[in-house]
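These notes are about the structure you will find just below.
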Amino acid sequence: MVSIALKSFIGLRQITSENKSIVLSKPTTQTYHKIRINASKTSPRVNGRNLKVAVVGGGPAGGAAAETLAKGGIETILIERKLDNCKPCGGAIPLCMVGEFDLPVDIIDRRVTKMKMISPSNVAVDIGRTLKPHEYIGMVRREVLDAYLRDRAATAGATVINGLFLKMDLPKSTGSPYVLHFTDYNAKTGGAGEKKTVEVDAVIGADGANSRVAKNINAGEYEYAIAFQERIKISDDKMQYYENLAEMYVGDDVSPDFYGWVFPKCDHVAVGTGTVTHKGDIKKLQIATRLRARDKIEGGKIIRVEAHPIPEHPRPRRVLDRVALVGDAAGYVTKCSGEGIYFAAKSGRMCAEAIVEGSENGKRMVDESDLRKYLEKWDKTYWPTYKVLDVLQKVFYRSNPAREAFVEMCADEYVQKMTFDSYLYKKVVPGNPLDDLKLAVNTIGSLVRANALRREMEKLSV
Ligand SMILES: Cc1cc2nc3c(=O)[nH]c(=O)nc-3n(C[C@H](O)[C@H](O)[C@H](O)COP(=O)(O)OP(=O)(O)OC[C@H]3O[C@@H](n4cnc5c(N)ncnc54)[C@H](O)[C@@H]3O)c2cc1C
């Protein structure tokens with residue numbers, strides 16, 4: 001959750017506005033209304049049936065996509081290999097996700113209102129001071145969030161299959177179906193499952209960082225970070241400290257290019273770190289993260305160890321013909337913060353909306369141009385956010401002196417306000433010109449000090 005507030009400083013300030021051409025009815029507990037589309041199109045009608053779309057993967061991207069498709073009149077199947085999947089993840093979500101995806105408050109384990117940013121020399125800056133009383137960062141367990149979104153898709157009409165997607169045969173001619181091969185674990189054949197196929201008109205690949213759908217369409221590779229996390233059960237006394245507080249540690253010891261974290265969960269803390277450049281050292285970096293937090297987690301019991309790749313940038317290809325990638329499969333995690341849950345759900349929904357719109361509620365065949373509308377909208381809305389976080393990572397995560405400068409800047413209330421507003425609401429809010437100027441001067445001051453410090457340190461190590 002690192003600042004995108006500095007957009008104002010580097011001149012990328014803008015308010016993102018979303019195209020509201022599709023109006024999704026607000027889901028109530030049991031009733032779902034169809035999405036109404038007013039569009040005209042010349043692609044052929046799918047006669048005697050509705051457009052059929054497969055969503056592969058039932059994480060936040062897949063769950064959100066399947067719900068939107070089903071509500072929009074599309075015959076939807078969702079294939080998820082593990083219905084109790086516990087995705088390795090910190091589980092931090094922005095406040096806007098709770099509202100936009102109508103998440104019930106009881107699936108949020110903790111409401112974090114205080115964040116400590118801790119520098120390489122262990123200077124800690126509290127960065128929740130500007131939050132309003134109703135504002136917080138949500139902490140969820142992924143097994144809970146993902147199951148909730150999948151169940152809601154099923155309630156909206158999607159068929160959820162507990163199966164492992166294996167591969168798909170691409171259409172032999174325009175308009176002919178994709179044939180998906182999968183192992184169906186619902187079958188009563190014991191643990192091995194049963195090999196099956198299903199024919200669909202379009203496919204959404206929401207199967208995460210190791211996406212088989214992406215491989216099937218030769219989407220190309222992306223650079224990735226490896227993230228490592230331990231779930232640690234600590235005493236109730238120690239847990240009290242993390243009641244509504246999360247910690248981020250920066251420094252060469254915890255990660256040469258990312259950060260280490262301690263995030264509070266329902267009855268334990270998640271302690272982790274990540275790196276792109278030193279993947280082979282990940283366990284060493286994890287030990288260092290644990291060491292930095294040792295006073296607060298001492299005596300804790302590690303109850304789960306997990307690791308997973310985090311994409312660093314979008315894949316070279318995200319749409320081909322009637323196949324689109326969303327979430328981690330597409331590569332939508334932000335640099336610097338490593339945030340991907342909201343962007344996964346959002347891209348799943350956006351892609352599904354494009355299909356609903358292009359097919360006029362499932363009545364017509366879609367083509368690549370319909371799916372490309374999702375890409376255009378996505379890139380227009382989020383490109384600046386990704387770019388700014390990329391720049392921030394390059395500037396502030398490159399050395400310990402730069403990280404010290406970064407933590408120093410985080411003490412500024414204006415930086416905090418812009419940071420939280422940008423993170424919680426996923427909008428780059430307009431700043432106050434005078435404060436922007438002050439921030440620019442302070443930033444330059446911090447960086448100059450950081451560079452001077454680095455030069456001194458380099459002299460010492462000669
Ligand atoms: C250690 C760690 C910590 C993180 N912390 C945070 C955080 O605090 N906040 C945040 O916003 N982001 C965080 N992220 C990133 C976040 O976890 C991802 O961006 C997010 O999970 C992407 O969602 P998704 O739906 O695209 O993919 P996933 O969540 O990976 O879901 C993919 C789904 O597809 C299923 N699947 C895969 N292959 C197949 C197949 N062949 N057949 C059928 N099903 C299949 C999987 O079982 C899974 O359920 C973290 C990542 C890591 C690794």
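In the structure tokens, each chain is lettered A, B, ... as it comes, each chain's residues begin at 1, and ligands are numbered from 1 in order of appearance.
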
For this session: Could the residues that lie within 6 Å of ligand 1, counting only C-alpha atoms and all ligand atoms, be listed as a PyMOL selection string?
Result: chain A and resi 56-62+79-82+85+87-93+163-166+206-208+211-212+227-229+307-310+327-329+333+338-342+344

Problem set entry | Surrounding residues of stretch 147-149 of chain A excluding itself and chain neighbours under 4 positions, 9 Å, only C-alpha atoms, as a PyMOL selection string | chain A and resi 58-60+62-64+67+83-85+101+103+107+142-143+153-154

Filtering to C-alpha atoms, could you give me those residues as a PDB file, in the first residue's frame?
```
ATOM      1  CA  GLY A  58     -12.351 -19.021  -9.424  1.00  0.00           C
ATOM      2  CA  GLY A  59     -10.266 -16.411  -7.596  1.00  0.00           C
ATOM      3  CA  PRO A  60     -11.441 -12.772  -7.340  1.00  0.00           C
ATOM      4  CA  GLY A  62     -12.981 -15.398 -12.034  1.00  0.00           C
ATOM      5  CA  GLY A  63     -15.702 -14.980  -9.410  1.00  0.00           C
ATOM      6  CA  ALA A  64     -16.381 -11.380 -10.398  1.00  0.00           C
ATOM      7  CA  GLU A  67     -21.217 -13.199 -11.669  1.00  0.00           C
ATOM      8  CA  LEU A  83     -13.014 -24.892  -4.108  1.00  0.00           C
ATOM      9  CA  ASP A  84     -11.335 -24.372  -0.722  1.00  0.00           C
ATOM     10  CA  ASN A  85      -8.226 -22.826  -2.313  1.00  0.00           C
ATOM     11  CA  PHE A 101     -18.329  -5.417  -4.901  1.00  0.00           C
ATOM     12  CA  LEU A 103     -18.844  -7.300   0.244  1.00  0.00           C
ATOM     13  CA  ILE A 107     -15.995 -11.536   5.588  1.00  0.00           C
ATOM     14  CA  ARG A 142      -8.631 -15.490   0.590  1.00  0.00           C
ATOM     15  CA  GLU A 143     -10.384 -18.796   1.104  1.00  0.00           C
ATOM     16  CA  ALA A 153     -21.754 -16.078  -9.151  1.00  0.00           C
ATOM     17  CA  ALA A 154     -23.565 -19.393  -8.683  1.00  0.00           C
TER      18      ALA A 154
END
```

Exercise. Atom CA of A:Pro177 and atom CA of A:Thr197 are how many Å apart?
Worked result: 11.7 Å

For this session: Determine the nearest neighbour of A:Ile355 from the options A:Val203, A:Tyr386, A:Gly299, A:Pro120, counting only C-alpha atoms.
Result: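 For A:Ile355, the nearest of the candidates is A:Val203.
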
All residues 7 Å or closer to A:Val112, only C-alpha atoms, same chain fewer than 3 positions away omitted, as a PDB file with N, CA and C atoms, in the first residue's frame:
```
ATOM      1  N   TYR A 136     -10.876   2.498   6.309  1.00  0.00           N
ATOM      2  CA  TYR A 136      -9.977   1.438   6.769  1.00  0.00           C
ATOM      3  C   TYR A 136      -9.474   0.624   5.574  1.00  0.00           C
ATOM      4  N   ILE A 137      -8.415  -0.158   5.815  1.00  0.00           N
ATOM      5  CA  ILE A 137      -7.965  -1.158   4.836  1.00  0.00           C
ATOM      6  C   ILE A 137      -8.530  -2.487   5.322  1.00  0.00           C
ATOM      7  N   GLY A 138      -9.216  -3.208   4.453  1.00  0.00           N
ATOM      8  CA  GLY A 138      -9.793  -4.486   4.854  1.00  0.00           C
ATOM      9  C   GLY A 138      -8.761  -5.595   4.790  1.00  0.00           C
ATOM     10  N   ASN A 244      -5.590  -3.482  14.868  1.00  0.00           N
ATOM     11  CA  ASN A 244      -5.997  -2.737  13.665  1.00  0.00           C
ATOM     12  C   ASN A 244      -4.776  -2.085  13.015  1.00  0.00           C
ATOM     13  N   LEU A 245      -3.644  -2.785  13.136  1.00  0.00           N
ATOM     14  CA  LEU A 245      -2.380  -2.217  12.665  1.00  0.00           C
ATOM     15  C   LEU A 245      -1.641  -3.179  11.729  1.00  0.00           C
ATOM     16  N   ALA A 246      -1.103  -2.632  10.645  1.00  0.00           N
ATOM     17  CA  ALA A 246      -0.259  -3.425   9.747  1.00  0.00           C
ATOM     18  C   ALA A 246       1.111  -2.769   9.686  1.00  0.00           C
TER      19      ALA A 246
END
```

Exercise. Would you give me, as JSON, numbers by chain, the residues in stretch 52-162 of chain A that DSSP reads as helix (DSSP H, G or I)?
Worked result: {"A": [60, 61, 62, 63, 64, 65, 66, 67, 68, 69, 70, 71, 95, 96, 97, 98, 99, 100, 105, 106, 107, 142, 143, 144, 145, 146, 147, 148, 149, 150, 151, 152, 153, 154, 155, 156]}

For this session: Using atom CA of A:Tyr185 and atom CA of A:Lys215 as the two end points, give the distance in Å to one decimal.
Result: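 Between atom CA of A:Tyr185 and atom CA of A:Lys215 the gap is 22.8 Å.
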
Seminar exercise, completed: The residue from A:Val276, A:Ala405, A:Val262, A:Met239 with the smallest atom-to-atom distance to A:Lys335, counting only C-alpha atoms, is A:Val276

Each residue of stretch 32-101 of chain A with at least one atom at most 7 Å from stretch 361-368 of chain A should appear once, together with its nearest atom pair and the corresponding distance in Å (one decimal); atoms considered: only C-alpha atoms; ordering: chain, then increasing residue number; output as CSV.
```
residue,atom,partner,partner_atom,distance
A:Ile37,CA,A:Asn361,CA,6.7
A:Ser43,CA,A:Met365,CA,6.1
A:Pro44,CA,A:Arg364,CA,5.7
A:Arg45,CA,A:Arg364,CA,4.1
A:Val46,CA,A:Arg364,CA,5.2
A:Asn50,CA,A:Gly362,CA,5.0
A:Leu51,CA,A:Gly362,CA,4.6
A:Gly72,CA,A:Asn361,CA,5.3
A:Gly73,CA,A:Asn361,CA,5.0
A:Ile74,CA,A:Gly362,CA,4.8
```
